[in-house]
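Listing of protein-v4.pdb, PDB, C-alpha atoms
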ATOM      1  CA  MET A   1      -3.310 -13.970   0.728
ATOM      2  CA  ALA A   2      -2.645 -17.628  -0.079
ATOM      3  CA  GLU A   3      -1.408 -20.029   2.580
ATOM      4  CA  PRO A   4       2.436 -19.949   2.653
ATOM      5  CA  THR A   5       4.515 -22.941   1.642
ATOM      6  CA  GLU A   6       8.217 -23.770   1.861
ATOM      7  CA  GLY A   7       8.668 -22.466  -1.658
ATOM      8  CA  ASP A   8       7.490 -19.001  -0.582
ATOM      9  CA  ALA A   9      10.562 -18.345   1.561
ATOM     10  CA  PRO A  10      13.263 -16.267  -0.163
ATOM     11  CA  ALA A  11      16.329 -18.169  -1.308
ATOM     12  CA  GLY A  12      19.410 -18.047   0.869
ATOM     13  CA  MET A  13      17.603 -18.060   4.203
ATOM     14  CA  SER A  14      18.793 -20.249   7.022
ATOM     15  CA  LEU A  15      16.386 -22.871   8.361
ATOM     16  CA  ARG A  16      15.556 -20.645  11.350
ATOM     17  CA  GLU A  17      14.980 -17.594   9.164
ATOM     18  CA  ARG A  18      12.817 -19.632   6.786
ATOM     19  CA  LYS A  19      10.634 -20.880   9.653
ATOM     20  CA  LYS A  20      10.202 -17.347  10.994
ATOM     21  CA  HIS A  21       9.306 -16.065   7.532
ATOM     22  CA  LEU A  22       6.727 -18.808   6.995
ATOM     23  CA  THR A  23       5.214 -18.247  10.453
ATOM     24  CA  ARG A  24       4.867 -14.522   9.736
ATOM     25  CA  GLN A  25       3.225 -15.259   6.389
ATOM     26  CA  ALA A  26       0.889 -17.789   7.994
ATOM     27  CA  VAL A  27      -0.244 -15.191  10.533
ATOM     28  CA  LEU A  28      -0.873 -12.644   7.787
ATOM     29  CA  ALA A  29      -2.791 -15.184   5.714
ATOM     30  CA  ALA A  30      -4.969 -16.094   8.704
ATOM     31  CA  ALA A  31      -5.611 -12.434   9.548
ATOM     32  CA  ASP A  32      -6.461 -11.550   5.958
ATOM     33  CA  ARG A  33      -8.879 -14.475   5.702
ATOM     34  CA  LEU A  34     -10.647 -13.683   8.978
ATOM     35  CA  PHE A  35     -10.791  -9.913   8.387
ATOM     36  CA  ALA A  36     -12.250 -10.436   4.912
ATOM     37  CA  ALA A  37     -14.828 -12.926   6.187
ATOM     38  CA  ARG A  38     -15.986 -11.131   9.347
ATOM     39  CA  GLY A  39     -14.604  -7.597   9.347
ATOM     40  CA  TYR A  40     -11.636  -6.213  11.247
ATOM     41  CA  ASP A  41     -13.524  -5.220  14.399
ATOM     42  CA  ASN A  42     -15.131  -8.669  14.758
ATOM     43  CA  VAL A  43     -11.883 -10.650  14.842
ATOM     44  CA  THR A  44      -9.671 -11.035  17.911
ATOM     45  CA  VAL A  45      -5.919 -11.509  18.021
ATOM     46  CA  ALA A  46      -6.499 -14.803  19.829
ATOM     47  CA  GLU A  47      -8.593 -16.067  16.915
ATOM     48  CA  ILE A  48      -5.895 -15.096  14.437
ATOM     49  CA  ALA A  49      -3.222 -16.834  16.492
ATOM     50  CA  ASP A  50      -5.367 -19.960  16.745
ATOM     51  CA  ALA A  51      -5.963 -19.978  12.976
ATOM     52  CA  ALA A  52      -2.203 -19.726  12.424
ATOM     53  CA  ASN A  53      -1.540 -22.504  14.979
ATOM     54  CA  ILE A  54       0.578 -20.331  17.266
ATOM     55  CA  SER A  55       0.102 -18.702  20.670
ATOM     56  CA  VAL A  56      -0.900 -15.080  21.150
ATOM     57  CA  LYS A  57       2.486 -14.489  22.793
ATOM     58  CA  THR A  58       4.248 -15.796  19.692
ATOM     59  CA  LEU A  59       2.066 -13.657  17.427
ATOM     60  CA  PHE A  60       3.149 -10.542  19.305
ATOM     61  CA  THR A  61       6.798 -11.368  18.656
ATOM     62  CA  TYR A  62       6.029 -10.814  14.970
ATOM     63  CA  PHE A  63       3.478  -7.989  15.143
ATOM     64  CA  ALA A  64       3.209  -5.274  17.789
ATOM     65  CA  SER A  65      -0.536  -4.758  17.400
ATOM     66  CA  LYS A  66      -3.647  -5.963  15.636
ATOM     67  CA  GLU A  67      -3.474  -2.945  13.320
ATOM     68  CA  ASP A  68      -0.047  -4.072  12.146
ATOM     69  CA  LEU A  69      -1.649  -7.234  10.793
ATOM     70  CA  ALA A  70      -3.819  -5.183   8.445
ATOM     71  CA  PHE A  71      -0.964  -2.862   7.436
ATOM     72  CA  ALA A  72       1.887  -5.342   7.241
ATOM     73  CA  ASP A  73       2.816  -4.336   3.696
ATOM     74  CA  GLU A  74       2.173  -0.613   3.995
ATOM     75  CA  ASN A  75       5.744   0.342   3.109
ATOM     76  CA  ALA A  76       5.884  -1.588  -0.158
ATOM     77  CA  LEU A  77       3.818   0.911  -2.147
ATOM     78  CA  ARG A  78       5.450   3.865  -0.379
ATOM     79  CA  ASP A  79       8.892   2.631  -1.376
ATOM     80  CA  ALA A  80       7.777   2.103  -4.986
ATOM     81  CA  ILE A  81       6.408   5.660  -5.131
ATOM     82  CA  VAL A  82       9.563   7.136  -3.627
ATOM     83  CA  ARG A  83      11.708   5.245  -6.138
ATOM     84  CA  ALA A  84       9.533   6.574  -8.961
ATOM     85  CA  VAL A  85       9.879  10.174  -7.756
ATOM     86  CA  ALA A  86      13.590   9.975  -6.980
ATOM     87  CA  GLY A  87      14.555   8.053 -10.115
ATOM     88  CA  ARG A  88      12.367   9.771 -12.696
ATOM     89  CA  PRO A  89      14.025  10.977 -15.923
ATOM     90  CA  ASP A  90      14.965  14.632 -16.162
ATOM     91  CA  GLY A  91      12.075  16.729 -17.412
ATOM     92  CA  THR A  92       9.468  14.366 -15.940
ATOM     93  CA  SER A  93       7.155  15.598 -13.202
ATOM     94  CA  ALA A  94       6.640  13.677  -9.993
ATOM     95  CA  VAL A  95       2.971  13.266 -10.892
ATOM     96  CA  ASP A  96       3.797  11.649 -14.235
ATOM     97  CA  ALA A  97       6.397   9.370 -12.642
ATOM     98  CA  VAL A  98       3.972   8.220  -9.947
ATOM     99  CA  ALA A  99       1.111   7.830 -12.427
ATOM    100  CA  ALA A 100       3.330   5.502 -14.475
ATOM    101  CA  GLU A 101       4.173   3.509 -11.346
ATOM    102  CA  LEU A 102       0.511   3.271 -10.345
ATOM    103  CA  ARG A 103      -0.434   2.026 -13.801
ATOM    104  CA  ARG A 104       2.174  -0.695 -13.414
ATOM    105  CA  GLN A 105       0.905  -1.550  -9.940
ATOM    106  CA  VAL A 106      -2.692  -1.817 -11.143
ATOM    107  CA  ARG A 107      -1.650  -4.108 -14.004
ATOM    108  CA  ASP A 108       0.302  -6.282 -11.542
ATOM    109  CA  SER A 109      -2.260  -6.128  -8.724
ATOM    110  CA  GLY A 110      -3.552  -9.633  -9.364
ATOM    111  CA  GLN A 111      -0.046 -10.939  -8.711
ATOM    112  CA  GLY A 112       0.196  -9.752  -5.114
ATOM    113  CA  GLY A 113       1.792  -6.369  -5.796
ATOM    114  CA  PRO A 114       1.778  -3.434  -3.345
ATOM    115  CA  MET A 115      -1.368  -1.899  -4.830
ATOM    116  CA  GLU A 116      -3.231  -5.106  -4.029
ATOM    117  CA  GLY A 117      -2.162  -4.638  -0.417
ATOM    118  CA  VAL A 118      -3.534  -1.095  -0.321
ATOM    119  CA  GLU A 119      -6.782  -2.256  -1.892
ATOM    120  CA  GLY A 120      -6.949  -4.852   0.863
ATOM    121  CA  TYR A 121      -7.315  -2.093   3.460
ATOM    122  CA  HIS A 122     -10.611  -1.172   1.827
ATOM    123  CA  ARG A 123     -12.238  -4.468   0.935
ATOM    124  CA  SER A 124     -14.465  -5.647   3.739
ATOM    125  CA  PHE A 125     -12.680  -4.219   6.761
ATOM    126  CA  GLY A 126     -11.490  -0.794   5.612
ATOM    127  CA  ASP A 127     -14.346   1.083   7.288
ATOM    128  CA  SER A 128     -13.125   0.282  10.783
ATOM    129  CA  PRO A 129     -12.479   3.545  12.713
ATOM    130  CA  ALA A 130      -9.206   2.122  14.045
ATOM    131  CA  LEU A 131      -7.998   1.281  10.554
ATOM    132  CA  GLN A 132      -9.145   4.595   9.139
ATOM    133  CA  SER A 133      -7.081   6.395  11.773
ATOM    134  CA  ARG A 134      -4.068   4.227  10.990
ATOM    135  CA  LEU A 135      -4.594   4.798   7.280
ATOM    136  CA  ARG A 136      -4.460   8.563   7.750
ATOM    137  CA  ARG A 137      -1.167   8.191   9.621
ATOM    138  CA  MET A 138       0.113   6.013   6.800
ATOM    139  CA  TRP A 139      -0.665   8.654   4.181
ATOM    140  CA  THR A 140       1.191  11.228   6.287
ATOM    141  CA  ASP A 141       4.213   8.925   6.342
ATOM    142  CA  TYR A 142       3.962   8.548   2.566
ATOM    143  CA  GLU A 143       3.782  12.314   2.186
ATOM    144  CA  ASP A 144       6.869  12.800   4.362
ATOM    145  CA  ALA A 145       8.835  10.302   2.286
ATOM    146  CA  VAL A 146       7.815  11.880  -1.019
ATOM    147  CA  THR A 147       8.666  15.363   0.286
ATOM    148  CA  THR A 148      12.186  14.139   1.015
ATOM    149  CA  ALA A 149      12.418  12.573  -2.449
ATOM    150  CA  VAL A 150      11.282  15.813  -4.139
ATOM    151  CA  LEU A 151      13.871  17.831  -2.228
ATOM    152  CA  GLY A 152      16.498  15.277  -3.168
ATOM    153  CA  ARG A 153      15.832  15.980  -6.825
ATOM    154  CA  ALA A 154      15.434  19.768  -6.553
ATOM    155  CA  VAL A 155      16.863  21.382  -3.421
ATOM    156  CA  ASP A 156      15.925  24.776  -4.828
ATOM    157  CA  ALA A 157      12.246  23.825  -4.648
ATOM    158  CA  GLY A 158      12.050  24.851  -1.012
ATOM    159  CA  ALA A 159      10.538  22.791   1.767
ATOM    160  CA  ALA A 160       7.059  24.305   1.499
ATOM    161  CA  ALA A 161       6.856  23.784  -2.270
ATOM    162  CA  ALA A 162       8.207  20.236  -1.929
ATOM    163  CA  ARG A 163       5.563  19.472   0.681
ATOM    164  CA  LEU A 164       2.797  20.773  -1.575
ATOM    165  CA  GLU A 165       4.114  18.693  -4.480
ATOM    166  CA  ALA A 166       4.181  15.609  -2.265
ATOM    167  CA  MET A 167       0.605  16.283  -1.154
ATOM    168  CA  LEU A 168      -0.531  16.360  -4.779
ATOM    169  CA  VAL A 169       1.317  13.146  -5.579
ATOM    170  CA  ILE A 170      -0.195  11.347  -2.597
ATOM    171  CA  ALA A 171      -3.637  12.702  -3.516
ATOM    172  CA  LEU A 172      -3.299  10.779  -6.770
ATOM    173  CA  VAL A 173      -2.377   7.602  -4.886
ATOM    174  CA  ARG A 174      -5.094   8.025  -2.275
ATOM    175  CA  SER A 175      -7.755   8.560  -4.898
ATOM    176  CA  LEU A 176      -7.383   4.956  -6.031
ATOM    177  CA  THR A 177      -8.473   3.709  -2.618
ATOM    178  CA  THR A 178     -11.518   5.963  -2.179
ATOM    179  CA  SER A 179     -15.020   4.536  -2.216
ATOM    180  CA  GLU A 180     -15.877   6.756  -5.190
ATOM    181  CA  VAL A 181     -13.110   5.420  -7.422
ATOM    182  CA  ARG A 182     -13.671   1.845  -6.253
ATOM    183  CA  LEU A 183     -17.356   2.249  -7.155
ATOM    184  CA  LEU A 184     -16.355   3.662 -10.525
ATOM    185  CA  ALA A 185     -14.123   0.666 -11.200
ATOM    186  CA  GLY A 186     -16.516  -1.876  -9.704
ATOM    187  CA  SER A 187     -19.373  -0.792 -11.923
ATOM    188  CA  ALA A 188     -17.268  -0.939 -15.093
ATOM    189  CA  ALA A 189     -17.212  -3.890 -17.460
ATOM    190  CA  ASP A 190     -13.422  -3.901 -17.132
ATOM    191  CA  PRO A 191     -12.446  -2.666 -13.624
ATOM    192  CA  GLN A 192      -8.728  -2.655 -14.368
ATOM    193  CA  ALA A 193      -9.214  -0.541 -17.494
ATOM    194  CA  ALA A 194     -11.406   1.834 -15.493
ATOM    195  CA  LEU A 195      -8.701   2.278 -12.868
ATOM    196  CA  LEU A 196      -6.072   2.892 -15.525
ATOM    197  CA  ALA A 197      -8.303   5.488 -17.151
ATOM    198  CA  TRP A 198      -8.851   7.172 -13.796
ATOM    199  CA  ILE A 199      -5.095   7.400 -13.185
ATOM    200  CA  ASP A 200      -4.722   9.203 -16.520
ATOM    201  CA  THR A 201      -7.626  11.542 -15.731
ATOM    202  CA  ALA A 202      -6.321  12.380 -12.257
ATOM    203  CA  ALA A 203      -2.780  12.929 -13.522
ATOM    204  CA  ASP A 204      -4.074  15.293 -16.226
ATOM    205  CA  ARG A 205      -5.806  17.377 -13.574
ATOM    206  CA  LEU A 206      -2.802  17.502 -11.252
ATOM    207  CA  ARG A 207      -0.036  17.896 -13.832
ATOM    208  CA  PRO A 208      -0.321  21.696 -14.314
ATOM    209  CA  ALA A 209       0.373  22.226 -10.596
ATOM    210  CA  VAL A 210       3.599  20.211 -10.489
ATOM    211  CA  ARG A 211       6.769  21.353 -12.192
ATOM    212  CA  LYS A 212       9.078  19.135 -14.205
ATOM    213  CA  THR A 213      12.561  18.615 -12.780
TER     214      THR A 213
END

Now, as a test, write the supplied structure out as structure tokens.
Amino acid sequence: MAEPTEGDAPAGMSLRERKKHLTRQAVLAAADRLFAARGYDNVTVAEIADAANISVKTLFTYFASKEDLAFADENALRDAIVRAVAGRPDGTSAVDAVAAELRRQVRDSGQGGPMEGVEGYHRSFGDSPALQSRLRRMWTDYEDAVTTAVLGRAVDAGAAAARLEAMLVIALVRSLTTSEVRLLAGSAADPQAALLAWIDTAADRLRPAVRKT
């Protein structure tokens, strides 16, 4: 994450809101830099606060825990997936809708998109036990949200069937952040093309199990 500047604050913010936004972004940039350099478990909250030029007390007014610093953007991808499932054209399966969204995210990942944030959990600090536990909770939250979206499109699906469909959709998303798929992409001449190809392969395998609505 690049260091924030005045131009990074959304338009229409008051001076106070703009300062709060920039402080939050500065904390995230400092945390991302330190986690990537030394690993999540080897960085303290005090060091992050110092790097962002604020006190620890001030940091905790923006983030409730150290884990929140690593998962600050966890809802961005979830919301994109839910929109894809809820807003898909009639006759399109949830798997196809999410695969299309993931392809877009991968293409945009170099521009700070949500998929880049998820990849960030797995760069140099994703093996931390604390983060792995938080990541599992995050996927459960994603699954809950997609289950609701599936039921919103097809109330006759039944809660159990909607849950299973959501599990399959999230399996597709989760696969992109596994060490196996990252190794597959990292060893390819064109990592982005390899990820896009994997999305197509995974969707092909899951598609027969998910109905079109």

Taking (2.5, 18.1, -1.0) in the file's own coordinates, collect the residues within 12 Å, counting only C-alpha atoms, and hand them back as a PDB file with C-alpha atoms, keeping the file's coordinate frame.
ATOM      1  CA  ALA A  94       6.640  13.677  -9.993  1.00  0.00           C
ATOM      2  CA  VAL A  95       2.971  13.266 -10.892  1.00  0.00           C
ATOM      3  CA  TRP A 139      -0.665   8.654   4.181  1.00  0.00           C
ATOM      4  CA  THR A 140       1.191  11.228   6.287  1.00  0.00           C
ATOM      5  CA  ASP A 141       4.213   8.925   6.342  1.00  0.00           C
ATOM      6  CA  TYR A 142       3.962   8.548   2.566  1.00  0.00           C
ATOM      7  CA  GLU A 143       3.782  12.314   2.186  1.00  0.00           C
ATOM      8  CA  ASP A 144       6.869  12.800   4.362  1.00  0.00           C
ATOM      9  CA  ALA A 145       8.835  10.302   2.286  1.00  0.00           C
ATOM     10  CA  VAL A 146       7.815  11.880  -1.019  1.00  0.00           C
ATOM     11  CA  THR A 147       8.666  15.363   0.286  1.00  0.00           C
ATOM     12  CA  THR A 148      12.186  14.139   1.015  1.00  0.00           C
ATOM     13  CA  ALA A 149      12.418  12.573  -2.449  1.00  0.00           C
ATOM     14  CA  VAL A 150      11.282  15.813  -4.139  1.00  0.00           C
ATOM     15  CA  LEU A 151      13.871  17.831  -2.228  1.00  0.00           C
ATOM     16  CA  ALA A 157      12.246  23.825  -4.648  1.00  0.00           C
ATOM     17  CA  GLY A 158      12.050  24.851  -1.012  1.00  0.00           C
ATOM     18  CA  ALA A 159      10.538  22.791   1.767  1.00  0.00           C
ATOM     19  CA  ALA A 160       7.059  24.305   1.499  1.00  0.00           C
ATOM     20  CA  ALA A 161       6.856  23.784  -2.270  1.00  0.00           C
ATOM     21  CA  ALA A 162       8.207  20.236  -1.929  1.00  0.00           C
ATOM     22  CA  ARG A 163       5.563  19.472   0.681  1.00  0.00           C
ATOM     23  CA  LEU A 164       2.797  20.773  -1.575  1.00  0.00           C
ATOM     24  CA  GLU A 165       4.114  18.693  -4.480  1.00  0.00           C
ATOM     25  CA  ALA A 166       4.181  15.609  -2.265  1.00  0.00           C
ATOM     26  CA  MET A 167       0.605  16.283  -1.154  1.00  0.00           C
ATOM     27  CA  LEU A 168      -0.531  16.360  -4.779  1.00  0.00           C
ATOM     28  CA  VAL A 169       1.317  13.146  -5.579  1.00  0.00           C
ATOM     29  CA  ILE A 170      -0.195  11.347  -2.597  1.00  0.00           C
ATOM     30  CA  ALA A 171      -3.637  12.702  -3.516  1.00  0.00           C
ATOM     31  CA  LEU A 172      -3.299  10.779  -6.770  1.00  0.00           C
ATOM     32  CA  LEU A 206      -2.802  17.502 -11.252  1.00  0.00           C
ATOM     33  CA  ALA A 209       0.373  22.226 -10.596  1.00  0.00           C
ATOM     34  CA  VAL A 210       3.599  20.211 -10.489  1.00  0.00           C
TER      35      VAL A 210
END

Per residue of range 126-167 of chain A within 9 Å of range 50-73 of chain A, which atom pair is closest and at what distance in Å (one decimal), using all atoms listed in the file, listed by chain and increasing number, as a tab-separated table?
residue	atom	partner	partner_atom	distance
A:Ala130	CA	A:Glu67	CA	7.7
A:Leu131	CA	A:Glu67	CA	6.8
A:Arg134	CA	A:Glu67	CA	7.6
A:Leu135	CA	A:Phe71	CA	8.5
A:Met138	CA	A:Phe71	CA	9.0

Next item on the list: Tell me which of A:Met13, A:Thr177, A:Pro208, A:Gly152 sits closest to Arg83 in chain A, counting all atoms listed in the file.
Entry: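 Counting all atoms listed in the file, the residue closest to Arg83 in chain A is A:Gly152.
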
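Across the structure, CA of Ala100 in chain A and CA of Gln192 in chain A are spaced 14.6 Å apart.
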
Check: With all atoms listed in the file as the basis for distance, which of A:Ala76, A:Val98, A:Leu28, A:Val106 is at the shortest distance from Ala193 in chain A?
Finding: A:Val106

Notebook entry, point to check: Which of these residues is nearest to Ala99 in chain A, using only C-alpha atoms: A:Arg207, A:Arg136, A:Arg153, A:Arg16?
Noted result: A:Arg207

Check: Could you state the separation of CA of Ile81 in chain A and CA of Glu180 in chain A in Å, given to one decimal place?
Finding: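 CA of Glu180 in chain A lies 22.3 Å from CA of Ile81 in chain A.
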
Margin query: Quick check, in Å to one decimal: how far apart do CA of Asp108 in chain A and CA of Arg174 in chain A lie?
Written below: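 It comes out at 17.9 Å.
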
Margin query: Taking the file as I've supplied it (selection: the PyMOL selection byres ((chain A and resi 29) around 12)), which residues are included? Please answer as a VMD selection string.
Written below: chain A and resid 1 to 5 22 to 28 30 to 36 48 to 49 51 to 53 69 to 70 72
